[in-house]
Amino acid sequence: MIITHLPSVLSVGAFREHRLNRFVAQYHRLFSLPAALKNLSLTLVDRGSLLIAASTSRSAAPPSASSRKPYRGPSKPRRAPSRQPQPPSSPLYDRRFIFPTLTPTDTAASQAAMLLVQNMMVLCRQLRLPVSYKAQEWHGGIDVGAFKEIEGGVLASSPAPEVAPRRFSIVVHVHGDHAFKKYLQHFSSSDALLYRGLLLQVDTTGDVSRILSARVQQAFLPKFENEGQDAAVAERVAEAAASLGRPTIITIKHSGSLVTLSYDGGWAAKNSVSNEFTAGGAALLRAHYERRHPNDPAAATASLEQLFKVMTARRLCLSFEMVTGSHGHHGQLPAAEYLVTTAAHTFDPATGAPAFLDWLPFLELCAEVGLPTNDTWVVAGGYLAGTARQALDALALRGGPTGHAVRTLDELVAARTGNGEAAVGGCLRLAGTYPHDEWQGDRLEGFVVAAGQHLGPEEMHRLHSIRDALEAGRLPLTAVPEHLRRPYMYTLREAMAAPDTIGSAKAAAVTASTAGVSDAVRARLQAAAAAWVPQAALSYTSPLADVRDRLTELLASQPPEGLVYGKPYMELPEGRGRLYSRVALGELGCKGLLELLAAELTAAAAVGAASGGGALERTRALQEVVSEAESSADPPPSMLLVRAMRALAGYSESAAILRYKKKMSMWSFPEDSAAASADNGDGTAAAVNGGNSDVGNGGVVGYSLMTFVIRNGLPALRQGTTTYAAYVDNLVRRSWGLPKPLVTQVQHFARCWAAWVSARGGAAAVDESRYLEVAEPFVQEFLRRRGAMTLSGRSETAFQGVLICVDTSEAFTQALRRAVAPSLELSAAKLTDTAFSKGMVPGGVMLWLQPGGEMPKKLREFLSSGAAPFTWVVAATASRSMDPNDNAPEAKRHKGLAMAKIGAVTAALNADGAANRLRHITLPVAEDDIDGAVAVRLAAEAAAWLGRGTPLPPADPAIAAYFITIPGAGKSALTKDIALLPTAPTEGQPPQQQRLTVKVLNSDTMKKTVKNFNPNRYWLEMAAAADSCQGGGHVVVAVADKNLVPSPPGNIARALEPIKGTGVASLAIVPVVAGPSTWTAPAPAHLDLYGGLPDLPFPLELVALCMMRTLKRRNHEGGLDGEKAPAAATVVAMFAGLYRHKPLSDLLANLRTHFTRVVELPIMRGDGLDIDGGGGRVPVEVLRHVAEGVRDVSERAKPQLPAVWETRARELLLRADVVEALEALQLPMEDVRRRLGEEMASTLEEVKVNAAAAAVPVVSTGGDGGAGAGAMDIDVDGTAAAEERVTYFSVEGMDDEALRAAAREVLVPELQAKLRRGSLHVTLWHRMDPELGPRTDLRRALMGLVGTPVDVEVVHIDISPEVIAAHVRMLSADEAIPSRPYHHITLAVEKGHSAVESNQLPARLEAGEQGVERRPLKGGPLLLRGVVTAVEVAEGMGNPKQP
């Protein structure tokens, strides 16, 4: 770039002279330099820090007198220099603060500004918001002599001149969006707003013992409310247009990073200063003026100079969207780099609070000084505001794209203005500087919609006067030379590739991503930024941690000045009201606070009686706080003080800025319908697109999917598909609030992405800052195939089947694995735990039997269970002739093991399979294939021989039916003789019979008739029964004649697991009662039956009927009858008890998340009161005894119920009148069987329709999910079922190695060796926790957060002889995450102890127990990021202990 003022002092660290000359020379290639600066000589003044850049020519005009500031020379060194080199501070633009002589008004304003800042910090503490503060000290400090001129006010008692005051910039870092919302719910008019990118300017005494002044230095606009999260904002914008006549202002949301520029405080990024982000802002601002004045650097310099003159005169701070691919990938890599000015603010003269310019003055400012503007549409009138909102909704569903979106809004505005509407209240399009479709691309982040100021004739005249200027300032990309398109990226690459920065030739190929740039690179960039925009050059040093802590503590606790004597407030000038002090309020105590509130209440009541409205509202608020204060004791509770402050000071309605962001969420397919020619083979699914596909572009995937589903979902995807599925589900349902059809579409997109990235190294191989390198190829394929992608992520010609490698070498096996890319790898050691399923075949399965290993015990069983027809074998043979040692015992043993493995596999394949699907390969020994080239070649040959393997033949449509009930419901009787089911009749034709096979599997019968039947494999047998490939319209129904119950948690999901991925539809049959029951309409005698009884999905008369049937039957297959089972009624009660706390509505809702279809099957009439007065047939003593059994039964007790209960149950239920009453209620078996047949037939019709639809590409219809709904599932179980299976919630996926490294620095070597390996986590909730475990509301809330990122800060390490734990502080955690007294990560556990003992460390530390100590991390707190994860401990693993 260029250096515009001479002499300039560049503080660039310990750069050697020739290095800096080389670096500055790069600017000549980016920008044209004025003639006066063509020849620069760099003289090394001090090798420690300074280089003076001087021109050999003195012809350059000096800066104007108005911009010149006095330079008082370097201040005396007071403390150690910064650890990193600092950027320059030009003498002509010295950043030292010169205090003027303060008037009383100035003093009062300074006091008010500091009070607002202090109140904000105190409120953040009171609300326990996750807010941290980063302090940077101004390099050069504050001019001491200026203090001599100050008299009175807050600075009158400043320290002696020899103790130089100090200035700091403090970044307010808010962790988590929920913190902004919570703050807005509780803040008052006496608090500074919690802005994004909030930067404070603080002056202190030299020893940092007292704050001299504090104010907001610069800030962004308040954080957006997304329309999906707060539709009320969009409604209020439309209401403002309709009722108040305020126009709707629509601007493009560019995708980039936020930076601010202050008239006196330099550059700042969202949560930082003086780094690569701020350097990018300086580069692109300079580039902008170079683009406006091509080949005229002097004019560009003059324009930049004029900008700072205006900013200084008006005390302005500017906000920009910085669009560059150099700071990590956003929604799309931009075609070029640029800035867009998004807002500007000055300061309230009475309080120092930021005062943002309204949109019209803001645009006038941009036009005046040539700032880069945004495309803006002014839409007037309520009708057009509603039309614009509908248009944006439609655009969001098609992902934009940019060109189509811009044309849509242009047509909307043009149609109104073309109708001859008057200028007053008309519509207008104001051109932005950088056309989005040229500079950024087709992927549009969205639009910002706001309610603008009222437009009268004068305002419209002002608008028209700047329209031409804005149009003239438009910069098409083609008009900008190449070196000005990406100036910052070029500079960044040069800085990163410098030899003394990286020290490697490899660095020259470094991309522009700056994640983790070094201090040396950062210093180079700051030096360059000072040359580009010297007016904003400001250097910082990093204060020590104790200074930073002292600063934040003083800001939040120092007694405020300027308060009315004896009162907790100050009076603002010109009758603007009061500013209350939170610190002073807290010091009043409950008694003083109550007196103040009572006095204010009396005054407010008098005003409210006279004026009403807001005064009455304030009176009510004060009354509520007075009531709370009367019952409180000292010290006043934090929330009492929060509510008292809001009642006393009120809150500003203007704080709720009426604007929201409409993001482009979905996608548009290419216009060419030929792209839809990709057909759906096995393992593919088609998407349902909610928008039209007739867009004149190549298709686009919206910003929201790219950023939130793909990039932000990477941490969740690294934790597994289940966590990722939950993340996506929470995102689209909770955060975005999408309707069901769109939810299924986004889930489908996410599943395709998960499959794609899994087949390409997995999510762990993708860097968030460069994710587009992987995501863009996926998006192009997704659009090309119109969403019909292989859900395995593998090629359609990839191997399908089971591949067994016998005695192959590791090199060959790895090469073959890469060539085949199996979706699943089986472990020979754990084959016992793995059952074959046809769902494995499409993705490919690989099993490696290593040389020298024994044959797995379950290999024969695995092959015989259905895997053999799909199995291919590659076996290694000896590579050399007979060796003399081959007769040694060990050699004979290896040979025998190999023959046993080959023999077992060959026998399973039979002769035909062994001839065609077994291949012997002669592999070289390791010393003959050192580089592995031979192994790779042989693997390629083997992969070619495998080809597509053995794909699954087309399966017959099939359903698997399951009874969700208890013994005695009539399952066996109902399923008997169901052989033929009627199909739905065709119009004008009688019902037809279909080719149908019904298989009823009774587990009790199978135990007697099936040899070696294992009851644990019953559900696998169900899946096998539903498997059929006869073709010709044949269909299969497999019926489970077994009670499937919802307990223990996850039982239903486990039963359905074998049919997952096979295409078999599942049908849940729930026996119920018809009509009113004793639960819904009890007779008078039955009113108290359900008292103390947990909710059940069935009434007591159904349980009684099942018990009676069970007691009456004889010769039951399983022996559960009244004759063979002494506790038959108890068993029925035990089964009924498994449904406790599961009302019918909840049970059905849960089942619908698992099953393809759920039907309610009435088997009896209820015994409640009907319209004819009937009901109450079953004696109350019978139902009461049944209720007692269901309530008291215990599955784990022996016996489950006392014998006396069983005896009495038999007496009651077998009594003649009771049998007659219950049998009178049951429905005829033939009617129930016919109803069951109809439900099965309807389910079969759905299955066949869906199967036919899956055979052809699904065309986008914009329906409600339809046939695509099943394909959209990404392994998300129902919310209720998933919650029940969770053992604990935790934060996982953190940088474990960074934590271990930090812990090793404070641990002795013997403790370092005990650190846990593998993944570490922070436990948030555990089922075994006696306090939090029973809280189902907390469990449900955490389930809604699964997959969301969480920032944690490791504070210190707690050490004891039994456990070692890292104490962590939750930063960006959602409010739903419980506030625990001791969040921690267990790092080590001694033998004989458990991780749960970590919870006791704080108490042991407080008690001063010997051997227990706390050690801070040497490098300060460690920031880690993880994701919320739900963990299920499988049954059979023992009782899980709380980590």
# chains A, B, ... in the order shown; residues from 1 in each chain; ligands from 1
>>> select_by_dssp(residues="stretch 734-856 of chain A", states="helix (DSSP H, G or I)", output="number ranges by chain")
A: 734-735, 740-758, 763-765, 768-770, 772-784, 810-820, 828-833, 838-840
>>> residues_around(residues="stretch 717-720 of chain A", least_positions_apart="2", cutoff="9 Å", atoms="only C-alpha atoms", output="list in words")
Gly713, Leu714, Pro715, Thr722, Thr723, Tyr724, Ala725, Tyr727, Ala754, Gly762, Ala763, Ala764, Glu1292, Gly1293, Gly1347, Val1427 and Thr1429 of chain A
>>> atom_distance(atom1="atom CA of A:Arg196", atom2="atom CA of A:Ala113")
18.0 Å
>>> residues_around(residues="stretch 1348-1351 of chain A", least_positions_apart="4", cutoff="8 Å", atoms="only C-alpha atoms", output="PDB file with N, CA, C and O atoms, in the first residue's frame")
ATOM      1  N   HIS A 175     -20.407 -14.629  25.400  1.00  0.00           N
ATOM      2  CA  HIS A 175     -20.373 -16.015  24.933  1.00  0.00           C
ATOM      3  C   HIS A 175     -21.800 -16.556  24.877  1.00  0.00           C
ATOM      4  O   HIS A 175     -22.395 -16.883  25.888  1.00  0.00           O
ATOM      5  N   PRO A 715     -18.667 -30.322  14.283  1.00  0.00           N
ATOM      6  CA  PRO A 715     -18.338 -30.886  15.600  1.00  0.00           C
ATOM      7  C   PRO A 715     -19.313 -31.967  16.044  1.00  0.00           C
ATOM      8  O   PRO A 715     -18.903 -32.961  16.642  1.00  0.00           O
ATOM      9  N   ALA A 716     -20.604 -31.779  15.763  1.00  0.00           N
ATOM     10  CA  ALA A 716     -21.586 -32.806  16.130  1.00  0.00           C
ATOM     11  C   ALA A 716     -21.398 -34.058  15.291  1.00  0.00           C
ATOM     12  O   ALA A 716     -21.499 -35.181  15.803  1.00  0.00           O
ATOM     13  N   TYR A 727     -28.653 -32.841  16.363  1.00  0.00           N
ATOM     14  CA  TYR A 727     -28.300 -31.435  16.139  1.00  0.00           C
ATOM     15  C   TYR A 727     -29.141 -30.839  15.022  1.00  0.00           C
ATOM     16  O   TYR A 727     -29.708 -29.745  15.159  1.00  0.00           O
ATOM     17  N   VAL A1291     -20.449 -32.606  27.536  1.00  0.00           N
ATOM     18  CA  VAL A1291     -19.784 -31.815  26.502  1.00  0.00           C
ATOM     19  C   VAL A1291     -18.579 -32.628  26.051  1.00  0.00           C
ATOM     20  O   VAL A1291     -17.675 -32.907  26.851  1.00  0.00           O
ATOM     21  N   MET A1370     -18.315 -22.838  32.413  1.00  0.00           N
ATOM     22  CA  MET A1370     -19.113 -22.852  31.191  1.00  0.00           C
ATOM     23  C   MET A1370     -19.258 -21.426  30.680  1.00  0.00           C
ATOM     24  O   MET A1370     -19.688 -20.527  31.412  1.00  0.00           O
ATOM     25  N   LEU A1371     -18.908 -21.201  29.415  1.00  0.00           N
ATOM     26  CA  LEU A1371     -18.964 -19.849  28.861  1.00  0.00           C
ATOM     27  C   LEU A1371     -20.206 -19.651  28.001  1.00  0.00           C
ATOM     28  O   LEU A1371     -21.097 -18.897  28.345  1.00  0.00           O
ATOM     29  N   SER A1372     -20.264 -20.333  26.865  1.00  0.00           N
ATOM     30  CA  SER A1372     -21.356 -20.086  25.927  1.00  0.00           C
ATOM     31  C   SER A1372     -22.500 -21.064  26.080  1.00  0.00           C
ATOM     32  O   SER A1372     -23.230 -21.325  25.149  1.00  0.00           O
ATOM     33  N   ALA A1373     -22.653 -21.616  27.253  1.00  0.00           N
ATOM     34  CA  ALA A1373     -23.692 -22.626  27.453  1.00  0.00           C
ATOM     35  C   ALA A1373     -25.078 -21.994  27.475  1.00  0.00           C
ATOM     36  O   ALA A1373     -25.279 -20.911  28.002  1.00  0.00           O
ATOM     37  N   LEU A1423      -9.088 -22.156  26.822  1.00  0.00           N
ATOM     38  CA  LEU A1423     -10.407 -22.133  26.187  1.00  0.00           C
ATOM     39  C   LEU A1423     -10.562 -23.355  25.297  1.00  0.00           C
ATOM     40  O   LEU A1423      -9.723 -23.613  24.434  1.00  0.00           O
ATOM     41  N   LEU A1424     -11.632 -24.109  25.506  1.00  0.00           N
ATOM     42  CA  LEU A1424     -11.926 -25.296  24.709  1.00  0.00           C
ATOM     43  C   LEU A1424     -13.343 -25.199  24.167  1.00  0.00           C
ATOM     44  O   LEU A1424     -14.201 -24.551  24.767  1.00  0.00           O
ATOM     45  N   ARG A1425     -13.588 -25.857  23.059  1.00  0.00           N
ATOM     46  CA  ARG A1425     -14.942 -25.907  22.485  1.00  0.00           C
ATOM     47  C   ARG A1425     -15.324 -27.353  22.244  1.00  0.00           C
ATOM     48  O   ARG A1425     -14.541 -28.144  21.711  1.00  0.00           O
ATOM     49  N   GLY A1426     -16.540 -27.700  22.649  1.00  0.00           N
ATOM     50  CA  GLY A1426     -17.070 -29.033  22.419  1.00  0.00           C
ATOM     51  C   GLY A1426     -18.523 -28.952  22.019  1.00  0.00           C
ATOM     52  O   GLY A1426     -19.046 -27.865  21.739  1.00  0.00           O
ATOM     53  N   VAL A1427     -19.192 -30.082  21.994  1.00  0.00           N
ATOM     54  CA  VAL A1427     -20.611 -30.123  21.643  1.00  0.00           C
ATOM     55  C   VAL A1427     -21.361 -30.922  22.698  1.00  0.00           C
ATOM     56  O   VAL A1427     -20.810 -31.826  23.328  1.00  0.00           O
ATOM     57  N   VAL A1428     -22.630 -30.582  22.880  1.00  0.00           N
ATOM     58  CA  VAL A1428     -23.478 -31.318  23.810  1.00  0.00           C
ATOM     59  C   VAL A1428     -23.792 -32.683  23.199  1.00  0.00           C
ATOM     60  O   VAL A1428     -24.234 -32.770  22.049  1.00  0.00           O
TER      61      VAL A1428
END
>>> closest_residue(among="A:Gln453, A:Gln218, A:Thr402, A:Ser1066", to="A:Thr346", atoms="only C-alpha atoms")
A:Gln218
>>> residues_around(residues="stretch 1045-1060 of chain A", least_positions_apart="2", cutoff="9 Å", atoms="only C-alpha atoms", output="JSON, numbers by chain")
{"A": [835, 836, 837, 838, 839, 960, 963, 964, 965, 966, 1018, 1019, 1020, 1021, 1022, 1023, 1024, 1026, 1043, 1062, 1063, 1064, 1065, 1066, 1135, 1138, 1139, 1147, 1151, 1154, 1155, 1277, 1281, 1282, 1283, 1284, 1285, 1286]}
>>> select_by_dssp(residues="stretch 277-454 of chain A", states="strand (DSSP E)", output="ChimeraX atom specification")
/A:317-323,338-347,354-356,376-379,428-430,446-451
>>> write_last_selection(atoms="N, CA and C atoms", output="mmCIF file, in the first residue's frame")
data_model
loop_
_atom_site.group_PDB
_atom_site.id
_atom_site.type_symbol
_atom_site.label_atom_id
_atom_site.label_comp_id
_atom_site.auth_asym_id
_atom_site.auth_seq_id
_atom_site.Cartn_x
_atom_site.Cartn_y
_atom_site.Cartn_z
ATOM 1 N N CYS A 317 -18.291 6.588 14.611
ATOM 2 C CA CYS A 317 -17.737 5.240 14.536
ATOM 3 C C CYS A 317 -18.510 4.484 13.462
ATOM 4 N N LEU A 318 -17.797 3.797 12.608
ATOM 5 C CA LEU A 318 -18.399 3.106 11.477
ATOM 6 C C LEU A 318 -18.332 1.594 11.665
ATOM 7 N N SER A 319 -19.361 0.913 11.192
ATOM 8 C CA SER A 319 -19.389 -0.554 11.199
ATOM 9 C C SER A 319 -19.364 -1.048 9.760
ATOM 10 N N PHE A 320 -18.588 -2.112 9.540
ATOM 11 C CA PHE A 320 -18.440 -2.670 8.197
ATOM 12 C C PHE A 320 -18.658 -4.178 8.230
ATOM 13 N N GLU A 321 -19.156 -4.686 7.111
ATOM 14 C CA GLU A 321 -19.101 -6.119 6.831
ATOM 15 C C GLU A 321 -17.897 -6.320 5.930
ATOM 16 N N MET A 322 -16.924 -7.083 6.399
ATOM 17 C CA MET A 322 -15.692 -7.313 5.641
ATOM 18 C C MET A 322 -15.793 -8.667 4.948
ATOM 19 N N VAL A 323 -15.857 -8.651 3.633
ATOM 20 C CA VAL A 323 -16.036 -9.873 2.855
ATOM 21 C C VAL A 323 -14.693 -10.292 2.290
ATOM 22 N N TYR A 338 -14.049 -7.054 -0.362
ATOM 23 C CA TYR A 338 -14.615 -5.708 -0.289
ATOM 24 C C TYR A 338 -15.208 -5.468 1.082
ATOM 25 N N LEU A 339 -15.520 -4.200 1.348
ATOM 26 C CA LEU A 339 -16.211 -3.777 2.552
ATOM 27 C C LEU A 339 -17.582 -3.230 2.188
ATOM 28 N N VAL A 340 -18.529 -3.399 3.115
ATOM 29 C CA VAL A 340 -19.834 -2.747 3.006
ATOM 30 C C VAL A 340 -20.107 -2.048 4.333
ATOM 31 N N THR A 341 -20.402 -0.763 4.290
ATOM 32 C CA THR A 341 -20.716 -0.026 5.509
ATOM 33 C C THR A 341 -22.125 -0.391 5.946
ATOM 34 N N THR A 342 -22.275 -0.830 7.184
ATOM 35 C CA THR A 342 -23.580 -1.302 7.657
ATOM 36 C C THR A 342 -24.242 -0.363 8.653
ATOM 37 N N ALA A 343 -23.471 0.469 9.357
ATOM 38 C CA ALA A 343 -24.061 1.368 10.358
ATOM 39 C C ALA A 343 -23.025 2.403 10.756
ATOM 40 N N ALA A 344 -23.502 3.446 11.409
ATOM 41 C CA ALA A 344 -22.625 4.475 11.956
ATOM 42 C C ALA A 344 -23.265 5.008 13.225
ATOM 43 N N HIS A 345 -22.444 5.307 14.206
ATOM 44 C CA HIS A 345 -22.994 5.894 15.424
ATOM 45 C C HIS A 345 -22.091 7.009 15.935
ATOM 46 N N THR A 346 -22.719 7.961 16.558
ATOM 47 C CA THR A 346 -22.013 8.991 17.311
ATOM 48 C C THR A 346 -22.333 8.735 18.778
ATOM 49 N N PHE A 347 -22.282 9.768 19.626
ATOM 50 C CA PHE A 347 -22.491 9.546 21.050
ATOM 51 C C PHE A 347 -23.474 10.567 21.608
ATOM 52 N N PRO A 354 -23.800 5.086 22.711
ATOM 53 C CA PRO A 354 -23.830 5.111 21.246
ATOM 54 C C PRO A 354 -25.194 5.543 20.726
ATOM 55 N N ALA A 355 -25.194 6.439 19.760
ATOM 56 C CA ALA A 355 -26.422 6.916 19.118
ATOM 57 C C ALA A 355 -26.299 6.614 17.630
ATOM 58 N N PHE A 356 -26.963 5.541 17.166
ATOM 59 C CA PHE A 356 -26.838 5.117 15.771
ATOM 60 C C PHE A 356 -27.646 6.033 14.860
ATOM 61 N N THR A 376 -30.103 -1.199 -1.375
ATOM 62 C CA THR A 376 -31.204 -0.867 -0.469
ATOM 63 C C THR A 376 -32.494 -0.714 -1.268
ATOM 64 N N TRP A 377 -33.557 -1.352 -0.752
ATOM 65 C CA TRP A 377 -34.885 -1.211 -1.333
ATOM 66 C C TRP A 377 -35.786 -0.535 -0.304
ATOM 67 N N VAL A 378 -36.405 0.559 -0.693
ATOM 68 C CA VAL A 378 -37.345 1.275 0.168
ATOM 69 C C VAL A 378 -38.748 0.894 -0.295
ATOM 70 N N VAL A 379 -39.488 0.223 0.579
ATOM 71 C CA VAL A 379 -40.824 -0.271 0.251
ATOM 72 C C VAL A 379 -41.820 0.452 1.140
ATOM 73 N N LEU A 428 -38.365 2.910 -3.765
ATOM 74 C CA LEU A 428 -37.109 3.352 -4.355
ATOM 75 C C LEU A 428 -36.077 2.251 -4.233
ATOM 76 N N ARG A 429 -35.207 2.154 -5.218
ATOM 77 C CA ARG A 429 -34.049 1.254 -5.176
ATOM 78 C C ARG A 429 -32.794 2.105 -5.179
ATOM 79 N N LEU A 430 -31.955 1.904 -4.165
ATOM 80 C CA LEU A 430 -30.690 2.609 -4.057
ATOM 81 C C LEU A 430 -29.574 1.607 -4.291
ATOM 82 N N GLY A 446 -28.709 -13.586 2.931
ATOM 83 C CA GLY A 446 -30.086 -13.210 3.233
ATOM 84 C C GLY A 446 -30.292 -11.721 3.087
ATOM 85 N N PHE A 447 -31.349 -11.245 3.723
ATOM 86 C CA PHE A 447 -31.691 -9.826 3.696
ATOM 87 C C PHE A 447 -31.917 -9.339 5.122
ATOM 88 N N VAL A 448 -31.619 -8.072 5.332
ATOM 89 C CA VAL A 448 -31.939 -7.411 6.588
ATOM 90 C C VAL A 448 -33.161 -6.538 6.343
ATOM 91 N N VAL A 449 -34.189 -6.759 7.137
ATOM 92 C CA VAL A 449 -35.451 -6.033 6.980
ATOM 93 C C VAL A 449 -35.653 -5.175 8.222
ATOM 94 N N ALA A 450 -35.916 -3.892 8.020
ATOM 95 C CA ALA A 450 -36.048 -2.967 9.145
ATOM 96 C C ALA A 450 -37.165 -1.981 8.870
ATOM 97 N N ALA A 451 -37.688 -1.414 9.960
ATOM 98 C CA ALA A 451 -38.668 -0.336 9.847
ATOM 99 C C ALA A 451 -37.907 0.983 9.788
#
>>> decode(residues="stretch 1226-1232 of chain A", atoms="all heavy atoms", output="PDB file, in the first residue's frame")
ATOM      1  N   GLN A1226     -66.064 -57.925  25.950  1.00  0.00           N
ATOM      2  CA  GLN A1226     -65.131 -58.187  24.856  1.00  0.00           C
ATOM      3  C   GLN A1226     -65.874 -58.216  23.522  1.00  0.00           C
ATOM      4  O   GLN A1226     -67.014 -58.650  23.424  1.00  0.00           O
ATOM      5  CB  GLN A1226     -64.379 -59.495  25.084  1.00  0.00           C
ATOM      6  CG  GLN A1226     -65.233 -60.743  25.119  1.00  0.00           C
ATOM      7  CD  GLN A1226     -64.435 -61.991  25.475  1.00  0.00           C
ATOM      8  OE1 GLN A1226     -63.265 -61.914  25.771  1.00  0.00           O
ATOM      9  NE2 GLN A1226     -65.104 -63.137  25.438  1.00  0.00           N
ATOM     10  N   LEU A1227     -65.185 -57.695  22.486  1.00  0.00           N
ATOM     11  CA  LEU A1227     -65.764 -57.659  21.147  1.00  0.00           C
ATOM     12  C   LEU A1227     -65.617 -59.026  20.490  1.00  0.00           C
ATOM     13  O   LEU A1227     -64.675 -59.773  20.811  1.00  0.00           O
ATOM     14  CB  LEU A1227     -65.059 -56.592  20.304  1.00  0.00           C
ATOM     15  CG  LEU A1227     -65.202 -55.149  20.798  1.00  0.00           C
ATOM     16  CD1 LEU A1227     -64.359 -54.204  19.939  1.00  0.00           C
ATOM     17  CD2 LEU A1227     -66.663 -54.708  20.772  1.00  0.00           C
ATOM     18  N   PRO A1228     -66.518 -59.390  19.577  1.00  0.00           N
ATOM     19  CA  PRO A1228     -66.420 -60.688  18.901  1.00  0.00           C
ATOM     20  C   PRO A1228     -65.059 -60.851  18.232  1.00  0.00           C
ATOM     21  O   PRO A1228     -64.578 -59.927  17.556  1.00  0.00           O
ATOM     22  CB  PRO A1228     -67.555 -60.652  17.876  1.00  0.00           C
ATOM     23  CG  PRO A1228     -68.534 -59.671  18.454  1.00  0.00           C
ATOM     24  CD  PRO A1228     -67.710 -58.643  19.167  1.00  0.00           C
ATOM     25  N   MET A1229     -64.437 -61.999  18.405  1.00  0.00           N
ATOM     26  CA  MET A1229     -63.094 -62.224  17.884  1.00  0.00           C
ATOM     27  C   MET A1229     -63.053 -62.084  16.371  1.00  0.00           C
ATOM     28  O   MET A1229     -62.064 -61.581  15.817  1.00  0.00           O
ATOM     29  CB  MET A1229     -62.600 -63.613  18.309  1.00  0.00           C
ATOM     30  CG  MET A1229     -61.140 -63.869  17.998  1.00  0.00           C
ATOM     31  SD  MET A1229     -60.035 -62.685  18.804  1.00  0.00           S
ATOM     32  CE  MET A1229     -60.299 -63.097  20.523  1.00  0.00           C
ATOM     33  N   GLU A1230     -64.107 -62.514  15.679  1.00  0.00           N
ATOM     34  CA  GLU A1230     -64.121 -62.406  14.223  1.00  0.00           C
ATOM     35  C   GLU A1230     -64.101 -60.949  13.780  1.00  0.00           C
ATOM     36  O   GLU A1230     -63.450 -60.593  12.797  1.00  0.00           O
ATOM     37  CB  GLU A1230     -65.355 -63.127  13.648  1.00  0.00           C
ATOM     38  CG  GLU A1230     -65.276 -64.639  13.730  1.00  0.00           C
ATOM     39  CD  GLU A1230     -64.057 -65.173  13.003  1.00  0.00           C
ATOM     40  OE1 GLU A1230     -63.721 -64.651  11.915  1.00  0.00           O
ATOM     41  OE2 GLU A1230     -63.418 -66.101  13.539  1.00  0.00           O
ATOM     42  N   ASP A1231     -64.827 -60.088  14.498  1.00  0.00           N
ATOM     43  CA  ASP A1231     -64.826 -58.664  14.150  1.00  0.00           C
ATOM     44  C   ASP A1231     -63.440 -58.045  14.373  1.00  0.00           C
ATOM     45  O   ASP A1231     -62.955 -57.252  13.560  1.00  0.00           O
ATOM     46  CB  ASP A1231     -65.864 -57.918  14.984  1.00  0.00           C
ATOM     47  CG  ASP A1231     -67.287 -58.326  14.655  1.00  0.00           C
ATOM     48  OD1 ASP A1231     -67.461 -58.995  13.602  1.00  0.00           O
ATOM     49  OD2 ASP A1231     -68.206 -57.980  15.425  1.00  0.00           O
ATOM     50  N   VAL A1232     -62.797 -58.424  15.483  1.00  0.00           N
ATOM     51  CA  VAL A1232     -61.463 -57.879  15.764  1.00  0.00           C
ATOM     52  C   VAL A1232     -60.460 -58.381  14.733  1.00  0.00           C
ATOM     53  O   VAL A1232     -59.625 -57.617  14.241  1.00  0.00           O
ATOM     54  CB  VAL A1232     -61.015 -58.269  17.185  1.00  0.00           C
ATOM     55  CG1 VAL A1232     -59.618 -57.733  17.465  1.00  0.00           C
ATOM     56  CG2 VAL A1232     -61.995 -57.747  18.215  1.00  0.00           C
TER      57      VAL A1232
END
